[in-house]
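Data first, discussion second: the structure below is written as structure tokens.
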Protein chains: 2
Amino acid sequence: MLMCIVKSHTHIGDRIVTSLSDATSSPDAARSRPTMRHVAALAGVGVKTVSRVINGEPNVSAATIAKVNAAARTLDYQPDLHAGNLRRADGRTRTLGLLVGSVDNPFAGAVHRAVEDVALSRGVAVFASSLDDDPDREQEAVSAFLRRRVDGLILTTVSGSQAYLAPELRRGTPVVFVDREPAGITSDSVVSDNADGAALATRHLLERGHRRVAYLGDRHVIQTARERRRGFLEELGRAGVATRDVPVIEGLHDEETARLATLELLESPTPPTAIFSSQNLVTIGAIRALRQLGRHRDTALVGFDDVPLADLLDPGITVVAQDPQRIGRTAAERVFARLDGDHEPAARTIVPTRLIERGSGEILPRGEG
Amino acid sequence: MLMCIVKSHTHIGDRIVTSLSDATSSPDAARSRPTMRHVAALAGVGVKTVSRVINGEPNVSAATIAKVNAAARTLDYQPDLHAGNLRRADGRTRTLGLLVGSVDNPFAGAVHRAVEDVALSRGVAVFASSLDDDPDREQEAVSAFLRRRVDGLILTTVSGSQAYLAPELRRGTPVVFVDREPAGITSDSVVSDNADGAALATRHLLERGHRRVAYLGDRHVIQTARERRRGFLEELGRAGVATRDVPVIEGLHDEETARLATLELLESPTPPTAIFSSQNLVTIGAIRALRQLGRHRDTALVGFDDVPLADLLDPGITVVAQDPQRIGRTAAERVFARLDGDHEPAARTIVPTRLIERGSGEILPRGEG
DNA sequence: ACCTATGTTGACATCGTTGTCAGGGTGACA
DNA sequence: TGTCACCCTGACAACGATGTCAACATAGGT
């Protein structure tokens with residue numbers, strides 16, 4: 001039982017015959033990946049018919065469907081999605097590119113998971129990459145996504161301008177910015193209300209009588225970091241606190257830099273009675289410093305973005321929690337809405353933040369506690 | 001300035017002329033994605049020459065390179081990686097499929113990040129999916145990866161057998177199993193020594209005099225859960241503890257089920273003096289239950305797999321930590337080694353675990369503390 | 001028996017790219 | 001001046017699939 005495949009060429013009369021031994025047992029056949037032509041040959045039908053069966057198109061007889069399916073199963077045939085896409089009318093790769101801060105950050109993990117869930121329900125696979133707040137990585141990740149012809153992009157960005165995406169947007173590729181808003185370009189975005197959340201946290205501390213409140217922030221290039229700083233300072237201003245002497249420490253991007261900065265802050269001549277930390281890793285660094293100096297029970301702390309197990313610490317960590325799950329879901333839904341033909345103007349979706357009181361934010365200023 | 005593209009057909013003398021208006025300004029041109037033909041036409045060279053420039057092939061004059069690059073930039077041309085792959089000799093998509101427990105689990109996040117780092121250094125993009133310990137999801141995720149022709153697979157699995165991957169393995173696709181070992185098939189795997197780690201945790205508790213030690217485990221279908229249970233029970237056996245009355249609770253898969261099971265356990269007539277929880281979410285659930293009943297200072301707890309902020313809790317949570325970062329890195333390196341032609345027999349790489357004492361595991365049995 | 005409507009099927013061009021190959025230009029050397 | 005080698009270049013087929021279209025078989029109506 002020898003199976004032959006005839007590849008016809010355009011030159012009339014010129015034919016090349018490629019013979020394969022029995023596809024079910026020969027190592028040769030097993031080594032190369034079966035194509036539709038192999039399935040067609042084994043089933044004794046044309047390739048187009050195989051295509052019809054694989055894609056569930058109508059007008060194929062039941063007997064033919066059975067033959068083709070049997071052949072496909074025998075050969076362990078897997079259609080090549082990308083080859084199909086080359087010719088397919090809609091040109092969709094059923095693939096999405098997701099760029100987050102870092103895939104091992106809990107916030108990003110939650111966003112990712114939500115995006116995946118929406119994508120999965122539509123048979124779309126997700127490329128995930130970590131930004132690491134590096135503009136070069138941003139460029140390379142986006143470029144890698146586009147070279148792979150993703151149907152849509154969900155991006156956390158850090159470079160000064162995303163204008164480089166303008167041509168791609170014009171071609172109709174949906175781009176949704178998450179967590180941080182884009183610059184130099186207009187497109188959908190899904191973000192927390194950073195300034196408002198920061199103001200909320202700040203007001204919470206002010207209401208408890210704190211006047212020396214310190215700000216621990218991420219690098220200034222990061223849009224949300226600027227927003228949170230703004231919300232913090234504006235709230236102080238509204239309360240009539242002179243912002244000149246307020247300790248504003250920026251450029252913190254991981255636990256360790258945050259811990260060291262907090263140590264320095266607490267050991268200064270006039271340490272703050274309360275701290276607002278503007279990011280989850282910074283919050284953790286601040287907690288470590290407070291513990292290290294035994295000051296965690298007399299220095300108030302409110303963090304922006306929730307921290308794992310924050311409720312199990314003593315005191316529990318009061319935070320302005322974002323809703324990463326909802327951010328991710330909403331972003332994915334926007335991408336798919338665009339793919340489904342939504343041509344509304346670009347919209348900014350603001351996902352509310354929520355203050356969760358757990359103890360650390362309710363500590364009163366020293367001398368009044 | 002009108003740019004024309006001539007598509008020659010095979011029929012001699014039959015030519016179709018497609019005219020595009022100026023590609024730099026017309027909305028028409030901007031809407032469709034530029035191909036090599038567009039770039040070639042604008043640069044006034046052949047497509048193959050464009051291909052050479054884009055891929056950095058040698059033997060192209062400096063002047064031509066400049067012309068092509070200028071045209072590519074003007075049109076914002078992005079090569080289609082998948083179209084190229086169709087013809088390219090090695091057939092590599094520079095893409096990898098990663099299946100983890102859930103992308104929002106900290107263990108999985110760390111594995112993912114490590115895989116990404118290795119992949120990025122080789123220009124390979126990563127598809128990430130969540131397994132959710134659902135055999136159907138496993139099948140669908142693998143199938144989705146294969147239809148997209150990933151170069152390699154890194155898989156956490158849950159179905160009873162991975163024999164369905166045999167044909168794919170025969171075709172030479174590298175498959176590396178992480179965290180859990182495969183069944184029904186032989187391929188590379190990178191895992192923690194689960195039985196050994198569990199025994200380590202158990203011994204730690206036994207050495208401190210505990211005799212009523214409870215086991216809180218994940219679902220029995222999960223290979224690592226079985227291994228950890230085995231290590232636990234074997235260590236009890238070695239210490240001469242009768243395993244008949246040992247509370248072994250299985251089937252816990254999230255914080256809440258673990259919390260409820262722990263509550264029930266602690267409220268039984270003869271509660272354990274120590275708990276071994278075999279997974280990070282289960283550990284967290286157990287912590288919550290212990291706190292809830294105020295028993296966290298008199299009931300010892302050792303968890304398998306580290307928990308975020310475990311060192312900041314009071315007491316700190318003693319764990320047998322895995323090294324997810326190393327597991328991910330090693331798995332990715334194995335995939336690339338296979339792709340680079342390594343044909344050694346399949347190997348199981350065991351990444352050591354490490355007991356981290358933080359307090360909860362050093363609590364002595366009641367009446368002796 | 002004849003025509004038409006409908007269902008089934010496969011040949012062929014095509015998607016965007018790369019491999020092959022052959023043709024032409026240039027410079028070195030005899 | 002002729003030969004040869006080398007560099008540059010582009011026409012063409014091919015990769016694995018789908019869209020188009022025409023051919024054919026079958027059934028139904030006259």
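Ligands are numbered from 1 in the order shown, residues from 1 within each chain, and chains are lettered A, B, ... in the order they appear in the structure tokens.
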- request: Give the strand (DSSP E or B) residues of region 282-324 of chain A, as DSSP finds them on the backbone, and put them as a list in words.
  value: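 Everything in region 282-324 of chain A that counts as strand (DSSP E or B) is Ala300, Leu301, Val302, Gly303, Phe304, Gly316, Thr318, Val319, Val320 and Ala321 of chain A.
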Any idea which chain A residues end up within 9 Å of chain C if we count only C-alpha atoms (C1' of nucleotides), as a compact mmCIF listing (two decimals) with C-alpha atoms, in the first residue's frame please?
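Contents of part_38.txt, as written:
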```txt
# COMPACT_ATOMS: atom_id res chain seq x y z
CA VAL A 45 -10.42 13.65 -2.68
CA GLY A 46 -9.21 17.10 -3.74
CA VAL A 47 -7.56 19.53 -1.39
CA LYS A 48 -10.40 21.98 -1.60
CA THR A 49 -12.74 19.33 -0.34
CA ASN A 59 -22.29 21.12 0.66
CA VAL A 60 -20.07 18.17 1.34
CA SER A 61 -21.60 14.71 1.38
CA ALA A 83 -1.06 29.61 5.79
CA GLY A 84 -4.82 29.77 5.68
CA ASN A 85 -4.81 33.36 6.80
CA LEU A 86 -2.66 34.35 3.91
CA ARG A 87 -5.57 33.77 1.57
CA ARG A 88 -8.53 33.98 3.89
```
Using only C-alpha atoms (C1' of nucleotides) and a distance of at most 12 Å, pull out the residues of chain A that contact chain D, as a short mmCIF file (atom, residue, chain, number, x, y, z; two decimals) with all heavy atoms, in the first residue's frame.
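Result file follows (selection.cif):
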```
data_model
loop_
_atom_site.label_atom_id
_atom_site.label_comp_id
_atom_site.auth_asym_id
_atom_site.auth_seq_id
_atom_site.Cartn_x
_atom_site.Cartn_y
_atom_site.Cartn_z
N LYS A 7 2.09 16.32 -7.56
CA LYS A 7 2.07 17.78 -7.54
C LYS A 7 2.09 18.27 -8.99
O LYS A 7 3.07 18.07 -9.69
CB LYS A 7 3.32 18.31 -6.83
CG LYS A 7 3.50 17.71 -5.43
CD LYS A 7 4.93 17.84 -4.98
CE LYS A 7 5.09 19.13 -4.19
NZ LYS A 7 6.40 19.17 -3.50
N SER A 8 1.05 18.87 -9.42
CA SER A 8 1.04 19.32 -10.81
C SER A 8 1.63 20.70 -10.91
O SER A 8 1.39 21.56 -10.06
CB SER A 8 -0.39 19.33 -11.33
OG SER A 8 -1.14 20.29 -10.65
N HIS A 9 2.40 20.91 -11.91
CA HIS A 9 3.02 22.21 -12.12
C HIS A 9 2.30 22.96 -13.21
O HIS A 9 1.43 22.43 -13.88
CB HIS A 9 4.50 22.02 -12.48
CG HIS A 9 5.32 21.65 -11.29
ND1 HIS A 9 6.51 22.23 -10.99
CD2 HIS A 9 5.07 20.78 -10.30
CE1 HIS A 9 6.97 21.71 -9.87
NE2 HIS A 9 6.12 20.82 -9.44
N THR A 10 2.68 24.21 -13.38
CA THR A 10 1.99 25.00 -14.39
C THR A 10 2.39 24.63 -15.80
O THR A 10 1.62 24.74 -16.72
CB THR A 10 2.24 26.50 -14.16
OG1 THR A 10 3.61 26.67 -13.85
CG2 THR A 10 1.38 27.00 -13.04
N HIS A 11 3.64 24.22 -15.96
CA HIS A 11 4.06 23.81 -17.30
C HIS A 11 3.23 22.62 -17.72
O HIS A 11 3.19 21.62 -17.03
CB HIS A 11 5.53 23.41 -17.29
CG HIS A 11 6.40 24.42 -16.61
ND1 HIS A 11 6.58 25.68 -17.11
CD2 HIS A 11 7.07 24.37 -15.45
CE1 HIS A 11 7.36 26.36 -16.29
NE2 HIS A 11 7.68 25.58 -15.27
N ARG A 33 5.45 17.13 8.49
CA ARG A 33 4.13 17.50 8.95
C ARG A 33 3.13 17.32 7.81
O ARG A 33 3.38 17.79 6.70
CB ARG A 33 4.17 18.95 9.39
CG ARG A 33 3.04 19.37 10.25
CD ARG A 33 3.19 20.83 10.58
NE ARG A 33 4.27 21.06 11.52
CZ ARG A 33 4.17 20.90 12.82
NH1 ARG A 33 3.03 20.49 13.33
NH2 ARG A 33 5.18 21.12 13.61
N PRO A 34 2.03 16.65 8.07
CA PRO A 34 1.06 16.42 6.99
C PRO A 34 0.38 17.72 6.58
O PRO A 34 0.11 18.57 7.42
CB PRO A 34 0.06 15.45 7.62
CG PRO A 34 0.17 15.68 9.07
CD PRO A 34 1.60 16.06 9.33
N THR A 35 0.14 17.87 5.30
CA THR A 35 -0.58 19.03 4.80
C THR A 35 -1.93 18.57 4.27
O THR A 35 -2.24 17.38 4.28
CB THR A 35 0.19 19.71 3.65
OG1 THR A 35 0.12 18.86 2.51
CG2 THR A 35 1.63 19.95 4.02
N MET A 36 -2.69 19.53 3.81
CA MET A 36 -3.98 19.17 3.24
C MET A 36 -3.81 18.23 2.06
O MET A 36 -4.66 17.38 1.81
CB MET A 36 -4.71 20.43 2.77
CG MET A 36 -5.51 21.05 3.88
SD MET A 36 -6.75 22.15 3.25
CE MET A 36 -7.50 22.63 4.79
N ARG A 37 -2.73 18.39 1.33
CA ARG A 37 -2.53 17.51 0.18
C ARG A 37 -2.37 16.06 0.61
O ARG A 37 -2.89 15.15 -0.04
CB ARG A 37 -1.30 17.95 -0.61
CG ARG A 37 -1.62 18.97 -1.69
CD ARG A 37 -0.89 18.67 -3.00
NE ARG A 37 0.53 18.49 -2.78
CZ ARG A 37 1.39 19.49 -2.59
NH1 ARG A 37 0.97 20.73 -2.62
NH2 ARG A 37 2.65 19.25 -2.37
N HIS A 38 -1.66 15.86 1.75
CA HIS A 38 -1.52 14.49 2.26
C HIS A 38 -2.89 13.93 2.64
O HIS A 38 -3.22 12.79 2.31
CB HIS A 38 -0.61 14.47 3.48
CG HIS A 38 0.81 14.86 3.19
ND1 HIS A 38 1.22 16.17 3.14
CD2 HIS A 38 1.90 14.12 2.92
CE1 HIS A 38 2.51 16.21 2.86
NE2 HIS A 38 2.95 14.98 2.72
N VAL A 47 -7.92 18.75 -2.56
CA VAL A 47 -7.56 19.53 -1.39
C VAL A 47 -8.69 20.46 -0.97
O VAL A 47 -8.94 20.67 0.21
CB VAL A 47 -6.30 20.39 -1.60
CG1 VAL A 47 -5.05 19.55 -1.46
CG2 VAL A 47 -6.33 21.08 -2.93
N LYS A 48 -9.35 21.03 -1.95
CA LYS A 48 -10.40 21.98 -1.60
C LYS A 48 -11.49 21.30 -0.79
O LYS A 48 -12.08 21.91 0.11
CB LYS A 48 -10.99 22.59 -2.88
CG LYS A 48 -12.10 23.58 -2.63
CD LYS A 48 -11.63 24.81 -1.88
CE LYS A 48 -12.66 25.32 -0.94
NZ LYS A 48 -12.46 26.71 -0.53
N THR A 49 -11.74 20.06 -1.10
CA THR A 49 -12.74 19.33 -0.34
C THR A 49 -12.28 19.14 1.10
O THR A 49 -13.06 19.29 2.04
CB THR A 49 -13.02 17.98 -1.02
OG1 THR A 49 -13.51 18.23 -2.33
CG2 THR A 49 -14.05 17.18 -0.24
N VAL A 50 -11.02 18.84 1.26
CA VAL A 50 -10.49 18.73 2.62
C VAL A 50 -10.67 20.05 3.34
O VAL A 50 -11.13 20.10 4.48
CB VAL A 50 -8.99 18.34 2.58
CG1 VAL A 50 -8.42 18.34 3.99
CG2 VAL A 50 -8.82 16.98 1.93
N SER A 51 -10.33 21.12 2.65
CA SER A 51 -10.49 22.45 3.24
C SER A 51 -11.93 22.66 3.70
O SER A 51 -12.17 23.15 4.80
CB SER A 51 -10.09 23.51 2.21
OG SER A 51 -10.46 24.79 2.64
N ARG A 52 -12.84 22.25 2.85
CA ARG A 52 -14.26 22.41 3.20
C ARG A 52 -14.60 21.65 4.47
O ARG A 52 -15.28 22.17 5.36
CB ARG A 52 -15.14 21.96 2.05
CG ARG A 52 -15.43 23.07 1.06
CD ARG A 52 -16.48 22.66 0.05
NE ARG A 52 -15.87 22.01 -1.10
CZ ARG A 52 -15.63 22.60 -2.27
NH1 ARG A 52 -15.95 23.86 -2.44
NH2 ARG A 52 -15.09 21.95 -3.26
N ILE A 54 -12.55 20.52 6.87
CA ILE A 54 -11.84 21.06 8.03
C ILE A 54 -12.52 22.32 8.55
O ILE A 54 -12.60 22.54 9.76
CB ILE A 54 -10.37 21.37 7.67
CG1 ILE A 54 -9.63 20.08 7.28
CG2 ILE A 54 -9.65 22.09 8.80
CD1 ILE A 54 -9.42 19.11 8.41
N ASN A 55 -13.01 23.14 7.63
CA ASN A 55 -13.62 24.40 8.04
C ASN A 55 -15.13 24.32 8.22
O ASN A 55 -15.78 25.35 8.41
CB ASN A 55 -13.27 25.49 7.03
CG ASN A 55 -11.79 25.81 7.06
OD1 ASN A 55 -11.29 26.37 8.02
ND2 ASN A 55 -11.09 25.39 6.03
N GLU A 57 -17.44 23.83 6.09
CA GLU A 57 -18.27 24.48 5.07
C GLU A 57 -19.37 23.52 4.62
O GLU A 57 -19.21 22.30 4.70
CB GLU A 57 -17.41 24.88 3.87
CG GLU A 57 -16.54 26.10 4.17
CD GLU A 57 -15.58 26.38 3.02
OE1 GLU A 57 -15.97 26.19 1.85
OE2 GLU A 57 -14.43 26.76 3.31
N GLN A 78 -2.96 18.77 11.50
CA GLN A 78 -3.34 20.03 12.15
C GLN A 78 -3.28 21.12 11.09
O GLN A 78 -2.22 21.36 10.52
CB GLN A 78 -2.32 20.40 13.24
CG GLN A 78 -2.09 19.35 14.29
CD GLN A 78 -2.99 19.54 15.50
OE1 GLN A 78 -3.23 18.61 16.23
NE2 GLN A 78 -3.51 20.75 15.70
N PRO A 79 -4.39 21.77 10.82
CA PRO A 79 -4.35 22.81 9.79
C PRO A 79 -3.37 23.91 10.18
O PRO A 79 -3.18 24.18 11.37
CB PRO A 79 -5.78 23.35 9.76
CG PRO A 79 -6.41 22.89 11.02
CD PRO A 79 -5.70 21.65 11.45
N ASP A 80 -2.75 24.52 9.20
CA ASP A 80 -1.82 25.62 9.45
C ASP A 80 -2.61 26.93 9.38
O ASP A 80 -2.94 27.41 8.30
CB ASP A 80 -0.71 25.58 8.41
CG ASP A 80 0.34 26.65 8.67
OD1 ASP A 80 -0.02 27.75 9.11
OD2 ASP A 80 1.52 26.39 8.43
N LEU A 81 -2.87 27.47 10.56
CA LEU A 81 -3.70 28.66 10.65
C LEU A 81 -3.11 29.82 9.86
O LEU A 81 -3.83 30.58 9.22
CB LEU A 81 -3.81 29.06 12.13
CG LEU A 81 -4.97 29.94 12.53
CD1 LEU A 81 -6.27 29.25 12.22
CD2 LEU A 81 -4.89 30.26 14.01
N HIS A 82 -1.81 29.94 9.87
CA HIS A 82 -1.20 31.10 9.23
C HIS A 82 -1.19 31.00 7.72
O HIS A 82 -1.35 31.99 7.02
CB HIS A 82 0.20 31.31 9.77
CG HIS A 82 0.20 31.74 11.20
ND1 HIS A 82 0.73 30.97 12.21
CD2 HIS A 82 -0.33 32.84 11.78
CE1 HIS A 82 0.53 31.61 13.36
NE2 HIS A 82 -0.09 32.73 13.14
N ALA A 83 -1.00 29.78 7.23
CA ALA A 83 -1.06 29.61 5.79
C ALA A 83 -2.46 29.95 5.30
O ALA A 83 -2.64 30.62 4.28
CB ALA A 83 -0.69 28.17 5.41
N GLY A 84 -3.44 29.48 6.05
CA GLY A 84 -4.82 29.77 5.68
C GLY A 84 -5.10 31.26 5.67
O GLY A 84 -5.72 31.79 4.76
N ASN A 85 -4.57 31.93 6.68
CA ASN A 85 -4.81 33.36 6.80
C ASN A 85 -4.30 34.17 5.64
O ASN A 85 -4.78 35.27 5.39
CB ASN A 85 -4.09 33.86 8.03
CG ASN A 85 -5.05 33.88 9.16
OD1 ASN A 85 -5.56 32.83 9.50
ND2 ASN A 85 -5.36 35.04 9.66
N LEU A 86 -3.28 33.65 5.02
CA LEU A 86 -2.66 34.35 3.91
C LEU A 86 -3.72 34.63 2.84
O LEU A 86 -3.74 35.69 2.22
CB LEU A 86 -1.57 33.44 3.34
CG LEU A 86 -0.32 34.09 2.80
CD1 LEU A 86 0.21 35.12 3.77
CD2 LEU A 86 0.72 33.02 2.56
N ARG A 87 -4.59 33.66 2.65
CA ARG A 87 -5.57 33.77 1.57
C ARG A 87 -6.95 34.14 2.09
O ARG A 87 -7.74 34.73 1.36
CB ARG A 87 -5.62 32.42 0.84
CG ARG A 87 -6.33 32.44 -0.49
CD ARG A 87 -5.60 33.39 -1.45
NE ARG A 87 -6.10 33.28 -2.82
CZ ARG A 87 -7.26 33.77 -3.24
NH1 ARG A 87 -8.05 34.38 -2.40
NH2 ARG A 87 -7.63 33.64 -4.49
N ARG A 88 -7.20 33.80 3.32
CA ARG A 88 -8.53 33.98 3.89
C ARG A 88 -9.00 35.42 3.76
O ARG A 88 -8.21 36.36 3.84
CB ARG A 88 -8.55 33.56 5.36
CG ARG A 88 -9.90 33.20 5.91
CD ARG A 88 -9.82 32.98 7.42
NE ARG A 88 -8.76 32.05 7.81
CZ ARG A 88 -8.92 30.74 7.88
NH1 ARG A 88 -10.08 30.21 7.58
NH2 ARG A 88 -7.93 29.98 8.24
N ALA A 89 -10.30 35.59 3.56
CA ALA A 89 -10.85 36.91 3.29
C ALA A 89 -10.60 37.89 4.44
O ALA A 89 -10.11 38.99 4.23
CB ALA A 89 -12.35 36.79 3.02
N ASP A 90 -10.92 37.49 5.66
CA ASP A 90 -10.82 38.46 6.76
C ASP A 90 -9.37 38.67 7.21
O ASP A 90 -9.09 39.61 7.92
CB ASP A 90 -11.72 38.04 7.93
CG ASP A 90 -11.25 36.75 8.59
OD1 ASP A 90 -10.20 36.22 8.19
OD2 ASP A 90 -11.93 36.28 9.51
N GLY A 91 -8.48 37.76 6.83
CA GLY A 91 -7.08 37.94 7.18
C GLY A 91 -6.78 37.95 8.67
O GLY A 91 -5.76 38.47 9.10
#
```
field: Who sits within 9 Å of region 118-132 of chain B, only C-alpha atoms (C1' of nucleotides), same chain under 4 positions skipped, as JSON, numbers by chain
entry: {"A": [113, 116, 117, 125, 126, 127, 128, 129, 141, 144, 145], "B": [93, 94, 95, 96, 97, 98, 99, 100, 101, 102, 103, 104, 112, 113, 114, 136, 137, 138, 141, 145, 150, 156, 157, 158, 328, 329, 332, 333, 336]}
field: Spatial neighbours of Leu281 (chain A), max dist 8 Å, only C-alpha atoms (C1' of nucleotides), sep filter under 2 positions, as a PyMOL selection string
entry: chain A and resi 253-255+258+279+283-285
Atomic separation - CA of Leu206 (chain B) relative to CA of Leu309 (chain B), Å: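 Computing the Euclidean distance for CA of Leu309 (chain B) and CA of Leu206 (chain B) yields 25.6 Å.
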- request: Select, from B:Ile65, B:Ala198, B:Ile222, B:Leu290, the residue with the minimum atom-to-atom distance to chain A, counting only C-alpha atoms.
  value: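 Closest candidate: B:Leu290.
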field: Of the listed residues A:Glu207, A:Asp193, A:Asp188, A:Asp76, that which approaches chain B most closely, counting only C-alpha atoms
entry: A:Asp76
message: If DSSP is run on the backbone, what residues of region 278-345 of chain A are helix (DSSP H, G or I)? A reply as a PyMOL selection string would be ideal.
response: chain A and resi 280-292+310-312+324-339
Given the selection you just returned, output its residues as a file containing N, CA, C and O atoms, formatted as a compact mmCIF listing (two decimals), in the first residue's frame.
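So the final result, stored in result-v1.txt, reads:
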```
# COMPACT_ATOMS: atom_id res chain seq x y z
N ASN A 280 2.53 48.98 43.81
CA ASN A 280 2.55 47.82 44.70
C ASN A 280 3.95 47.42 45.19
O ASN A 280 4.14 47.16 46.38
N LEU A 281 4.92 47.42 44.31
CA LEU A 281 6.26 47.05 44.76
C LEU A 281 6.84 48.08 45.72
O LEU A 281 7.55 47.74 46.67
N VAL A 282 6.51 49.33 45.47
CA VAL A 282 6.98 50.40 46.36
C VAL A 282 6.34 50.25 47.74
O VAL A 282 6.99 50.43 48.77
N THR A 283 5.07 49.89 47.73
CA THR A 283 4.39 49.67 49.01
C THR A 283 5.08 48.57 49.81
O THR A 283 5.31 48.70 51.01
N ILE A 284 5.43 47.49 49.13
CA ILE A 284 6.09 46.38 49.82
C ILE A 284 7.44 46.82 50.37
O ILE A 284 7.80 46.51 51.52
N GLY A 285 8.18 47.58 49.60
CA GLY A 285 9.47 48.08 50.08
C GLY A 285 9.28 48.97 51.31
O GLY A 285 10.04 48.88 52.28
N ALA A 286 8.24 49.78 51.27
CA ALA A 286 7.97 50.67 52.40
C ALA A 286 7.61 49.86 53.64
O ALA A 286 8.07 50.16 54.75
N ILE A 287 6.82 48.82 53.44
CA ILE A 287 6.45 47.97 54.58
C ILE A 287 7.70 47.38 55.22
O ILE A 287 7.87 47.38 56.44
N ARG A 288 8.60 46.89 54.36
CA ARG A 288 9.82 46.28 54.90
C ARG A 288 10.63 47.29 55.71
O ARG A 288 11.15 46.98 56.78
N ALA A 289 10.72 48.50 55.20
CA ALA A 289 11.50 49.52 55.91
C ALA A 289 10.84 49.85 57.24
O ALA A 289 11.52 49.96 58.28
N LEU A 290 9.52 50.00 57.23
CA LEU A 290 8.80 50.32 58.45
C LEU A 290 9.01 49.23 59.51
O LEU A 290 9.26 49.50 60.68
N ARG A 291 8.92 47.98 59.07
CA ARG A 291 9.14 46.86 59.98
C ARG A 291 10.56 46.88 60.54
O ARG A 291 10.79 46.69 61.72
N GLN A 292 11.47 47.10 59.62
CA GLN A 292 12.88 47.04 59.98
C GLN A 292 13.18 48.03 61.11
O GLN A 292 13.97 47.74 62.00
N ALA A 310 -2.29 41.52 51.77
CA ALA A 310 -2.26 42.77 52.53
C ALA A 310 -3.15 42.69 53.75
O ALA A 310 -2.88 43.31 54.78
N ASP A 311 -4.22 41.91 53.69
CA ASP A 311 -5.16 41.82 54.80
C ASP A 311 -4.62 40.95 55.93
O ASP A 311 -5.14 40.98 57.03
N LEU A 312 -3.59 40.16 55.65
CA LEU A 312 -3.08 39.25 56.67
C LEU A 312 -1.92 39.84 57.46
O LEU A 312 -1.47 39.27 58.44
N PRO A 324 -7.70 45.20 38.37
CA PRO A 324 -6.98 44.74 37.18
C PRO A 324 -7.79 43.76 36.35
O PRO A 324 -7.73 43.75 35.11
N GLN A 325 -8.58 42.97 37.03
CA GLN A 325 -9.39 41.99 36.33
C GLN A 325 -10.35 42.72 35.37
O GLN A 325 -10.46 42.37 34.19
N ARG A 326 -10.96 43.76 35.90
CA ARG A 326 -11.91 44.50 35.08
C ARG A 326 -11.20 45.30 33.99
O ARG A 326 -11.71 45.45 32.88
N ILE A 327 -10.03 45.82 34.31
CA ILE A 327 -9.26 46.55 33.30
C ILE A 327 -8.95 45.63 32.13
O ILE A 327 -9.14 45.99 30.96
N GLY A 328 -8.48 44.44 32.44
CA GLY A 328 -8.12 43.49 31.38
C GLY A 328 -9.34 43.08 30.56
O GLY A 328 -9.29 43.05 29.33
N ARG A 329 -10.42 42.78 31.26
CA ARG A 329 -11.62 42.35 30.55
C ARG A 329 -12.12 43.45 29.63
O ARG A 329 -12.43 43.22 28.45
N THR A 330 -12.19 44.66 30.17
CA THR A 330 -12.70 45.77 29.38
C THR A 330 -11.82 46.03 28.16
O THR A 330 -12.31 46.27 27.05
N ALA A 331 -10.52 45.97 28.37
CA ALA A 331 -9.61 46.22 27.25
C ALA A 331 -9.82 45.19 26.15
O ALA A 331 -9.90 45.52 24.96
N ALA A 332 -9.93 43.94 26.55
CA ALA A 332 -10.12 42.88 25.56
C ALA A 332 -11.45 43.07 24.84
O ALA A 332 -11.55 42.93 23.61
N GLU A 333 -12.46 43.43 25.60
CA GLU A 333 -13.77 43.64 24.97
C GLU A 333 -13.72 44.80 23.97
O GLU A 333 -14.35 44.74 22.92
N ARG A 334 -12.96 45.82 24.28
CA ARG A 334 -12.83 46.95 23.33
C ARG A 334 -12.15 46.48 22.05
O ARG A 334 -12.56 46.83 20.95
N VAL A 335 -11.10 45.71 22.20
CA VAL A 335 -10.42 45.20 21.01
C VAL A 335 -11.40 44.43 20.13
O VAL A 335 -11.48 44.67 18.93
N PHE A 336 -12.16 43.56 20.75
CA PHE A 336 -13.06 42.74 19.95
C PHE A 336 -14.21 43.56 19.38
O PHE A 336 -14.68 43.29 18.27
N ALA A 337 -14.64 44.56 20.12
CA ALA A 337 -15.68 45.44 19.58
C ALA A 337 -15.16 46.13 18.32
O ALA A 337 -15.84 46.19 17.30
N ARG A 338 -13.92 46.59 18.37
CA ARG A 338 -13.33 47.23 17.19
C ARG A 338 -13.24 46.24 16.05
O ARG A 338 -13.55 46.56 14.90
N LEU A 339 -12.82 45.03 16.36
CA LEU A 339 -12.70 44.00 15.31
C LEU A 339 -14.07 43.68 14.74
O LEU A 339 -14.20 43.31 13.56
```
Length of the CA of Gly217 (chain A) to CA of Ala199 (chain A) vector [Å]: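 CA of Gly217 (chain A) sits 14.0 Å away from CA of Ala199 (chain A).
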message: Measuring between only C-alpha atoms, which one of A:Thr257, A:Thr299, A:Ser192, A:Thr74 shows the shortest distance to chain B?
response: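 Nearest candidate to chain B out of A:Thr257, A:Thr299, A:Ser192, A:Thr74: A:Thr74.
Residue nearest chain A, chosen from B:Leu153, B:Leu146, B:Val221, B:Val302 and counting only C-alpha atoms: B:Leu146.
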